[in-house]
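J.: Next up is a structure, given as structure tokens.
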Amino acid sequence: MTIKNNHLNVKKKIIVLGGDGFCGWPTSLHLSNLGHEVVIIDNLSRRNIDNELEAESLTPIQSMGTRLTAWEEVSGNKIDFYNIDIAMNYDELLRVINKEKPDAIIHFAEQRSAPYSMKSSKHKRYTVNNNSNATHNVLCAIVESELDIHLVHLGTMGVYGYGTAGVKIPEGYLDVEVKTETGDRVQQQILYPTNPGSVYHMTKSQDQLLFQYYNKNDNVRVTDLHQGIVWGTNTMETKLDERLINRFDYDGDYGTVLNRFLMQAAVGYPITVHGSGGQTRAFIHIQDTVRCIQIAIENPPTRNEKVKIFNQMTETHCVKDLAKLVSELTGGEIAYVDNPRKEAAKNELHVKNDLFLSKGLEPITLNEGLLQEVTKIAKQYAHRADHAKIPAKSTWTKEQKPGIPTKEADP
Ligand code: UPG
């Protein structure tokens, strides 16, 4: 069974950097299913980090070869794959761009875990080297190729640091009025100031300046998507065959909060709320992630337009309320544990997401029974869970304690 969408106006060649990851894989399938020609570049670093951490996706993800064969069997569409480390191997990246001549490049190829980025000096330096070089290499290669490629980057709401002092976070830019030396008042538009909460989030803040510079200097067309915390596992396409299943991270470094809570409840582990749980965050379902990227690809900026910034999120929730919701749904027990992170104990968060809504996004919300769907996945693969990997052990400073519950819940 395929789910062909025949409404494609313009078929594009799209390179997906990081197309093996949690967001990159379902995005690649979604765009391929729409009829676009998709090429994946990935160095399989996420799988190597799993080896390093001795952790695994709860869902049994298949090798890249098996995934691509399965997709061709299911959809009739071929996705080409290059194993390249784009942060280290600029010449290879440029060679593939010159050979494939893509209309668009989607850039997911960054180390995306805040806790992983804070584990040690080695992990901080890896995250900065990897993420900053990857982004800069892509921008340089686009300029050197002399092709008019639209770059779509997966950024994060986390660059704002979540302390918005009553301001509704705009889509990238802030109108400010400043006083000149002569006392005149001038209007300016600036990037909304960043206040990253981890080394990982800091690299995404730096990415913003790289985009602004190459956009100004070389007219590179860039869309930067400031995404919220993703929840859910599968999309329409990854559900088509078990070999296409998406990854589900639950470990203390890579598991994102809502998926962790659902998994913890499913395996009888306490729901680990960091601190008092007053942290409010922005969320989006993985199905909406792939749809938003489609919308970004279909609405590229013009050659002389400044960097387009979208807030890619659909709702905000505080961590404690999410824990209560999951607990009510599943009967799981909540544990308030030490917060291993340095973050505000409580914050308000108001975010504008008008751009995606204006382009037709119909958001999937937590109330739509989808939580149950994820719980089902977590239950189905509960036998694969390693409870020792659940607690968040990476602390932001030496003085902090890991987020370990005092006892495991009764199974
Ligand atoms: N948290 C808990 N208990 C847990 C895990 C997390 O209370 O067991 C809290 C955590 O302290 C934080 C919040 O939940 O306040 C969110 O944490 P998490 O879901 O890990 O999100 P981020 O660290 O913000 O990172 C995720 C992705 C990142 C992306 C970002 C978007 O890993 O790639 O940029 O979400 O906001």
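Letters A, B, ... mark the chains of the structure tokens in the order given; residue numbers begin at 1 per chain; ligand numbers begin at 1, in order shown.
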Chain A near ligand 1 within 8 Å: what's each residue's closest atom pair and its distance in Å to one decimal, counting only C-alpha atoms and all ligand atoms, ordered by chain then ascending residue number, as JSON lines?

T.:
{"residue": "A:Gln111", "atom": "CA", "partner": "ligand 1", "partner_atom_place_in_ligand_line": "33 (O)", "distance": 7.8}
{"residue": "A:Arg112", "atom": "CA", "partner": "ligand 1", "partner_atom_place_in_ligand_line": "33 (O)", "distance": 4.1}
{"residue": "A:Ser113", "atom": "CA", "partner": "ligand 1", "partner_atom_place_in_ligand_line": "32 (O)", "distance": 4.5}
{"residue": "A:Ala114", "atom": "CA", "partner": "ligand 1", "partner_atom_place_in_ligand_line": "23 (O)", "distance": 4.9}
{"residue": "A:Pro115", "atom": "CA", "partner": "ligand 1", "partner_atom_place_in_ligand_line": "23 (O)", "distance": 6.8}
{"residue": "A:Gly155", "atom": "CA", "partner": "ligand 1", "partner_atom_place_in_ligand_line": "34 (O)", "distance": 6.6}
{"residue": "A:Thr156", "atom": "CA", "partner": "ligand 1", "partner_atom_place_in_ligand_line": "34 (O)", "distance": 4.3}
{"residue": "A:Met157", "atom": "CA", "partner": "ligand 1", "partner_atom_place_in_ligand_line": "36 (O)", "distance": 4.9}
{"residue": "A:Gly158", "atom": "CA", "partner": "ligand 1", "partner_atom_place_in_ligand_line": "36 (O)", "distance": 4.8}
{"residue": "A:His201", "atom": "CA", "partner": "ligand 1", "partner_atom_place_in_ligand_line": "34 (O)", "distance": 6.8}
{"residue": "A:His226", "atom": "CA", "partner": "ligand 1", "partner_atom_place_in_ligand_line": "31 (C)", "distance": 7.8}
{"residue": "A:Gln227", "atom": "CA", "partner": "ligand 1", "partner_atom_place_in_ligand_line": "31 (C)", "distance": 5.5}
{"residue": "A:Gly228", "atom": "CA", "partner": "ligand 1", "partner_atom_place_in_ligand_line": "36 (O)", "distance": 4.0}
{"residue": "A:Ile229", "atom": "CA", "partner": "ligand 1", "partner_atom_place_in_ligand_line": "35 (O)", "distance": 3.8}
{"residue": "A:Val230", "atom": "CA", "partner": "ligand 1", "partner_atom_place_in_ligand_line": "35 (O)", "distance": 6.5}
{"residue": "A:Gly252", "atom": "CA", "partner": "ligand 1", "partner_atom_place_in_ligand_line": "8 (O)", "distance": 6.9}
{"residue": "A:Asp253", "atom": "CA", "partner": "ligand 1", "partner_atom_place_in_ligand_line": "20 (O)", "distance": 7.4}
{"residue": "A:Tyr254", "atom": "CA", "partner": "ligand 1", "partner_atom_place_in_ligand_line": "32 (O)", "distance": 6.2}
{"residue": "A:Gly255", "atom": "CA", "partner": "ligand 1", "partner_atom_place_in_ligand_line": "20 (O)", "distance": 6.3}
{"residue": "A:Thr256", "atom": "CA", "partner": "ligand 1", "partner_atom_place_in_ligand_line": "19 (O)", "distance": 3.4}
{"residue": "A:Val257", "atom": "CA", "partner": "ligand 1", "partner_atom_place_in_ligand_line": "19 (O)", "distance": 3.6}
{"residue": "A:Leu258", "atom": "CA", "partner": "ligand 1", "partner_atom_place_in_ligand_line": "19 (O)", "distance": 6.6}
{"residue": "A:Arg260", "atom": "CA", "partner": "ligand 1", "partner_atom_place_in_ligand_line": "8 (O)", "distance": 6.0}
{"residue": "A:Phe261", "atom": "CA", "partner": "ligand 1", "partner_atom_place_in_ligand_line": "8 (O)", "distance": 6.7}
{"residue": "A:Ile271", "atom": "CA", "partner": "ligand 1", "partner_atom_place_in_ligand_line": "8 (O)", "distance": 7.1}
{"residue": "A:Thr272", "atom": "CA", "partner": "ligand 1", "partner_atom_place_in_ligand_line": "8 (O)", "distance": 4.6}
{"residue": "A:Val273", "atom": "CA", "partner": "ligand 1", "partner_atom_place_in_ligand_line": "7 (O)", "distance": 3.8}
{"residue": "A:His274", "atom": "CA", "partner": "ligand 1", "partner_atom_place_in_ligand_line": "7 (O)", "distance": 3.7}
{"residue": "A:Gly275", "atom": "CA", "partner": "ligand 1", "partner_atom_place_in_ligand_line": "7 (O)", "distance": 7.0}
{"residue": "A:Gly277", "atom": "CA", "partner": "ligand 1", "partner_atom_place_in_ligand_line": "7 (O)", "distance": 5.8}
{"residue": "A:Gln279", "atom": "CA", "partner": "ligand 1", "partner_atom_place_in_ligand_line": "15 (O)", "distance": 5.2}
{"residue": "A:Thr280", "atom": "CA", "partner": "ligand 1", "partner_atom_place_in_ligand_line": "15 (O)", "distance": 7.4}
{"residue": "A:Arg281", "atom": "CA", "partner": "ligand 1", "partner_atom_place_in_ligand_line": "16 (C)", "distance": 6.7}
{"residue": "A:Ala282", "atom": "CA", "partner": "ligand 1", "partner_atom_place_in_ligand_line": "36 (O)", "distance": 6.5}
{"residue": "A:Phe283", "atom": "CA", "partner": "ligand 1", "partner_atom_place_in_ligand_line": "36 (O)", "distance": 7.4}
{"residue": "A:Val319", "atom": "CA", "partner": "ligand 1", "partner_atom_place_in_ligand_line": "7 (O)", "distance": 5.7}
{"residue": "A:Lys320", "atom": "CA", "partner": "ligand 1", "partner_atom_place_in_ligand_line": "7 (O)", "distance": 7.6}
{"residue": "A:Asn339", "atom": "CA", "partner": "ligand 1", "partner_atom_place_in_ligand_line": "11 (O)", "distance": 6.3}
{"residue": "A:Pro340", "atom": "CA", "partner": "ligand 1", "partner_atom_place_in_ligand_line": "11 (O)", "distance": 7.3}
{"residue": "A:Arg341", "atom": "CA", "partner": "ligand 1", "partner_atom_place_in_ligand_line": "11 (O)", "distance": 6.0}
{"residue": "A:Glu343", "atom": "CA", "partner": "ligand 1", "partner_atom_place_in_ligand_line": "15 (O)", "distance": 6.9}
{"residue": "A:Pro391", "atom": "CA", "partner": "ligand 1", "partner_atom_place_in_ligand_line": "8 (O)", "distance": 7.1}
{"residue": "A:Ala392", "atom": "CA", "partner": "ligand 1", "partner_atom_place_in_ligand_line": "8 (O)", "distance": 6.5}
{"residue": "A:Gly403", "atom": "CA", "partner": "ligand 1", "partner_atom_place_in_ligand_line": "8 (O)", "distance": 7.6}

J.: Which residues in range 12-74 of chain A does DSSP call strand (DSSP E or B)? List them as a ChimeraX atom specification.

T.: /A:13-17,37-41

J.: Emit the selected residues as a PDB file, in the first residue's frame, including N, CA and C atoms.

T.:
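Heads up, here's the output in part.pdb:
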ATOM      1  N   LYS A  13      14.595  18.196  -6.641  1.00  0.00           N
ATOM      2  CA  LYS A  13      15.669  17.306  -6.161  1.00  0.00           C
ATOM      3  C   LYS A  13      16.097  17.844  -4.797  1.00  0.00           C
ATOM      4  N   ILE A  14      16.027  17.001  -3.781  1.00  0.00           N
ATOM      5  CA  ILE A  14      16.285  17.467  -2.415  1.00  0.00           C
ATOM      6  C   ILE A  14      17.328  16.588  -1.738  1.00  0.00           C
ATOM      7  N   ILE A  15      18.397  17.201  -1.243  1.00  0.00           N
ATOM      8  CA  ILE A  15      19.371  16.447  -0.440  1.00  0.00           C
ATOM      9  C   ILE A  15      18.983  16.615   1.022  1.00  0.00           C
ATOM     10  N   VAL A  16      18.865  15.490   1.737  1.00  0.00           N
ATOM     11  CA  VAL A  16      18.556  15.541   3.171  1.00  0.00           C
ATOM     12  C   VAL A  16      19.832  15.174   3.932  1.00  0.00           C
ATOM     13  N   LEU A  17      20.431  16.167   4.579  1.00  0.00           N
ATOM     14  CA  LEU A  17      21.620  15.925   5.405  1.00  0.00           C
ATOM     15  C   LEU A  17      21.141  15.430   6.762  1.00  0.00           C
ATOM     16  N   GLU A  37      12.534  14.008  -5.683  1.00  0.00           N
ATOM     17  CA  GLU A  37      13.681  13.100  -5.792  1.00  0.00           C
ATOM     18  C   GLU A  37      14.584  13.356  -4.577  1.00  0.00           C
ATOM     19  N   VAL A  38      14.697  12.364  -3.702  1.00  0.00           N
ATOM     20  CA  VAL A  38      15.396  12.570  -2.432  1.00  0.00           C
ATOM     21  C   VAL A  38      16.735  11.826  -2.428  1.00  0.00           C
ATOM     22  N   VAL A  39      17.765  12.528  -1.933  1.00  0.00           N
ATOM     23  CA  VAL A  39      19.092  11.934  -1.751  1.00  0.00           C
ATOM     24  C   VAL A  39      19.470  12.157  -0.285  1.00  0.00           C
ATOM     25  N   ILE A  40      19.891  11.100   0.398  1.00  0.00           N
ATOM     26  CA  ILE A  40      20.291  11.241   1.803  1.00  0.00           C
ATOM     27  C   ILE A  40      21.815  11.281   1.913  1.00  0.00           C
ATOM     28  N   ILE A  41      22.309  12.234   2.712  1.00  0.00           N
ATOM     29  CA  ILE A  41      23.714  12.208   3.135  1.00  0.00           C
ATOM     30  C   ILE A  41      23.707  12.067   4.648  1.00  0.00           C
TER      31      ILE A  41
END

J.: Give me, as a PyMOL selection string, all polymer residues having an atom no more than 12 Å from Arg384 in chain A, counting only C-alpha atoms and skipping those fewer than 3 positions away in the same chain.

T.: chain A and resi 55-61+248-250+263+266-267+377-381+387+389

J.: If you keep C-alpha atoms, can you produce a file of those selected residues as a PDB file, in the first residue's frame?

T.:
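Wrote again09.pdb, looks like this:
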ATOM      1  CA  ALA A  55      21.791   2.640  24.446  1.00  0.00           C
ATOM      2  CA  GLU A  56      19.384   1.767  21.659  1.00  0.00           C
ATOM      3  CA  SER A  57      16.169   2.983  20.090  1.00  0.00           C
ATOM      4  CA  LEU A  58      13.176   1.317  21.788  1.00  0.00           C
ATOM      5  CA  THR A  59      11.841   0.547  18.333  1.00  0.00           C
ATOM      6  CA  PRO A  60      13.906  -1.901  16.251  1.00  0.00           C
ATOM      7  CA  ILE A  61      15.270   0.414  13.547  1.00  0.00           C
ATOM      8  CA  PHE A 248      12.197   6.096  19.625  1.00  0.00           C
ATOM      9  CA  ASP A 249      14.776   7.379  22.091  1.00  0.00           C
ATOM     10  CA  TYR A 250      14.085   7.010  25.788  1.00  0.00           C
ATOM     11  CA  MET A 263       7.764   5.083  27.777  1.00  0.00           C
ATOM     12  CA  ALA A 266       4.528   1.869  29.761  1.00  0.00           C
ATOM     13  CA  VAL A 267       7.411  -0.039  31.375  1.00  0.00           C
ATOM     14  CA  ILE A 377       4.328   1.655  20.681  1.00  0.00           C
ATOM     15  CA  ALA A 378       6.085   1.926  24.040  1.00  0.00           C
ATOM     16  CA  LYS A 379       4.165  -1.111  25.353  1.00  0.00           C
ATOM     17  CA  GLN A 380       4.742  -3.126  22.179  1.00  0.00           C
ATOM     18  CA  TYR A 381       8.515  -2.735  22.471  1.00  0.00           C
ATOM     19  CA  HIS A 387      15.939   0.465  32.679  1.00  0.00           C
ATOM     20  CA  LYS A 389      19.566   3.797  30.633  1.00  0.00           C
TER      21      LYS A 389
END

J.: DSSP on the backbone: what in range 120-369 of chain A comes out helix (DSSP H, G or I), as a ChimeraX atom specification?

T.: /A:121-145,157-160,199-218,242-244,257-267,286-298,319-330,354-358,366-368

J.: Tell me, in Å to one decimal, how far CA of Gly65 in chain A is from CA of Asn133 in chain A.

T.: 27.1 Å

J.: Return the single residue from A:Glu171, A:Asp85, A:Glu146, A:Asp218 that is closest to Pro102 in chain A, with distances computed using only C-alpha atoms.

T.: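 Checking each of A:Glu171, A:Asp85, A:Glu146, A:Asp218 against Pro102 in chain A, counting only C-alpha atoms, the winner is A:Glu146.
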
J.: Compare A:Gly232, A:Gly24, A:Pro170, A:Gly161 by their minimum atom-to-atom distance to Leu191 in chain A, counting only C-alpha atoms, and give me the closest one.

T.: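 Ranking A:Gly232, A:Gly24, A:Pro170, A:Gly161 by distance to Leu191 in chain A, first place goes to A:Pro170.
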
J.: Nearest to Met202 in chain A among A:Tyr160, A:Phe108, A:Tyr214, A:Trp231, with distances taken over only C-alpha atoms: which residue is it?

T.: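 Ranking A:Tyr160, A:Phe108, A:Tyr214, A:Trp231 by distance to Met202 in chain A, first place goes to A:Tyr160.
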
J.: Counting only C-alpha atoms, which residues of range 119-175 of chain A fall within 10 Å of range 181-188 of chain A, and what is the closest atom pair for each with its distance in Å at one decimal, ordered by chain and rising number, as a Markdown table?

T.:
| residue | atom | partner | partner_atom | distance |
| --- | --- | --- | --- | --- |
| A:Tyr173 | CA | A:Gln188 | CA | 9.8 |
| A:Leu174 | CA | A:Gln188 | CA | 8.2 |
| A:Asp175 | CA | A:Gln188 | CA | 5.8 |

J.: Between A:Met236, A:Val199, A:Val337, A:Leu44, which is the closest to Ser117 in chain A once you count only C-alpha atoms?

T.: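 Selected residue with least distance to Ser117 in chain A: A:Val199.
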
J.: Quick one: everything within 10 Å of Gln372 in chain A, counting only C-alpha atoms, minus sequence neighbours fewer than 3 positions away in the same chain. Send it as a PyMOL selection string.

T.: chain A and resi 262+326+329-330+366-369+375-378

J.: Convert the current residue selection to file output with N, CA and C atoms, as a PDB file, in the first residue's frame.

T.:
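Wrote out_36.pdb, looks like this:
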ATOM      1  N   LEU A 262       5.971   8.797  28.408  1.00  0.00           N
ATOM      2  CA  LEU A 262       5.082   7.746  27.899  1.00  0.00           C
ATOM      3  C   LEU A 262       5.739   6.372  28.010  1.00  0.00           C
ATOM      4  N   VAL A 326       0.035  12.124  31.527  1.00  0.00           N
ATOM      5  CA  VAL A 326       0.478  10.750  31.239  1.00  0.00           C
ATOM      6  C   VAL A 326       0.100   9.833  32.403  1.00  0.00           C
ATOM      7  N   LEU A 329      -3.551   9.020  32.264  1.00  0.00           N
ATOM      8  CA  LEU A 329      -3.831   8.141  31.130  1.00  0.00           C
ATOM      9  C   LEU A 329      -3.405   6.701  31.397  1.00  0.00           C
ATOM     10  N   THR A 330      -2.335   6.546  32.176  1.00  0.00           N
ATOM     11  CA  THR A 330      -1.708   5.219  32.284  1.00  0.00           C
ATOM     12  C   THR A 330      -1.682   4.660  33.706  1.00  0.00           C
ATOM     13  N   LEU A 366      -2.181  17.106  21.508  1.00  0.00           N
ATOM     14  CA  LEU A 366      -2.097  16.014  22.478  1.00  0.00           C
ATOM     15  C   LEU A 366      -3.456  15.390  22.768  1.00  0.00           C
ATOM     16  N   ASN A 367      -4.530  16.172  22.555  1.00  0.00           N
ATOM     17  CA  ASN A 367      -5.862  15.674  22.926  1.00  0.00           C
ATOM     18  C   ASN A 367      -6.438  14.682  21.937  1.00  0.00           C
ATOM     19  N   GLU A 368      -5.718  14.414  20.856  1.00  0.00           N
ATOM     20  CA  GLU A 368      -6.360  13.653  19.790  1.00  0.00           C
ATOM     21  C   GLU A 368      -6.191  12.148  19.881  1.00  0.00           C
ATOM     22  N   GLY A 369      -5.933  11.662  21.080  1.00  0.00           N
ATOM     23  CA  GLY A 369      -5.812  10.216  21.212  1.00  0.00           C
ATOM     24  C   GLY A 369      -4.460   9.714  20.756  1.00  0.00           C
ATOM     25  N   THR A 375       1.814   5.377  23.535  1.00  0.00           N
ATOM     26  CA  THR A 375       1.871   4.418  24.647  1.00  0.00           C
ATOM     27  C   THR A 375       1.850   2.999  24.092  1.00  0.00           C
ATOM     28  N   LYS A 376       1.039   2.816  23.038  1.00  0.00           N
ATOM     29  CA  LYS A 376       0.940   1.493  22.422  1.00  0.00           C
ATOM     30  C   LYS A 376       2.312   1.055  21.890  1.00  0.00           C
ATOM     31  N   ILE A 377       2.986   1.968  21.209  1.00  0.00           N
ATOM     32  CA  ILE A 377       4.328   1.655  20.681  1.00  0.00           C
ATOM     33  C   ILE A 377       5.257   1.320  21.841  1.00  0.00           C
ATOM     34  N   ALA A 378       5.191   2.149  22.898  1.00  0.00           N
ATOM     35  CA  ALA A 378       6.085   1.926  24.040  1.00  0.00           C
ATOM     36  C   ALA A 378       5.800   0.566  24.672  1.00  0.00           C
TER      37      ALA A 378
END

J.: My list of candidates is A:Thr69, A:Ser145, A:Asn129, A:Thr395. Which is closest to Val96 in chain A when distances are computed with only C-alpha atoms?

T.: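 When distances to Val96 in chain A are compared using only C-alpha atoms, the smallest one comes from A:Ser145.
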
J.: What lies within 6 Å of Ile84 in chain A using only C-alpha atoms, ignoring chain neighbours under 2 positions off, as a PyMOL selection string?

T.: chain A and resi 42-43+82+86

J.: Residues near Ala70 in chain A, anyone? I mean within 9 Å using only C-alpha atoms, not counting same-chain ones fewer than 5 positions away, as a VMD selection string.

T.: chain A and resid 65 75 241 243 to 244

J.: Would you put the residues from that selection into a file with N, CA and C atoms, as a PDB file, in the first residue's frame?

T.:
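So again.pdb came out as:
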ATOM      1  N   GLY A  65      20.643   0.246   4.595  1.00  0.00           N
ATOM      2  CA  GLY A  65      20.401  -0.553   3.385  1.00  0.00           C
ATOM      3  C   GLY A  65      19.008  -1.168   3.401  1.00  0.00           C
ATOM      4  N   SER A  75       7.111   1.818  -2.048  1.00  0.00           N
ATOM      5  CA  SER A  75       6.658   3.023  -2.760  1.00  0.00           C
ATOM      6  C   SER A  75       7.015   3.026  -4.241  1.00  0.00           C
ATOM      7  N   ASP A 241       5.502  -0.107   6.670  1.00  0.00           N
ATOM      8  CA  ASP A 241       6.210  -1.397   6.711  1.00  0.00           C
ATOM      9  C   ASP A 241       7.063  -1.363   7.975  1.00  0.00           C
ATOM     10  N   ARG A 243       9.862  -2.397   8.590  1.00  0.00           N
ATOM     11  CA  ARG A 243      11.276  -2.109   8.330  1.00  0.00           C
ATOM     12  C   ARG A 243      11.539  -0.601   8.208  1.00  0.00           C
ATOM     13  N   LEU A 244      10.446   0.176   8.070  1.00  0.00           N
ATOM     14  CA  LEU A 244      10.591   1.632   7.924  1.00  0.00           C
ATOM     15  C   LEU A 244      10.441   2.363   9.256  1.00  0.00           C
TER      16      LEU A 244
END
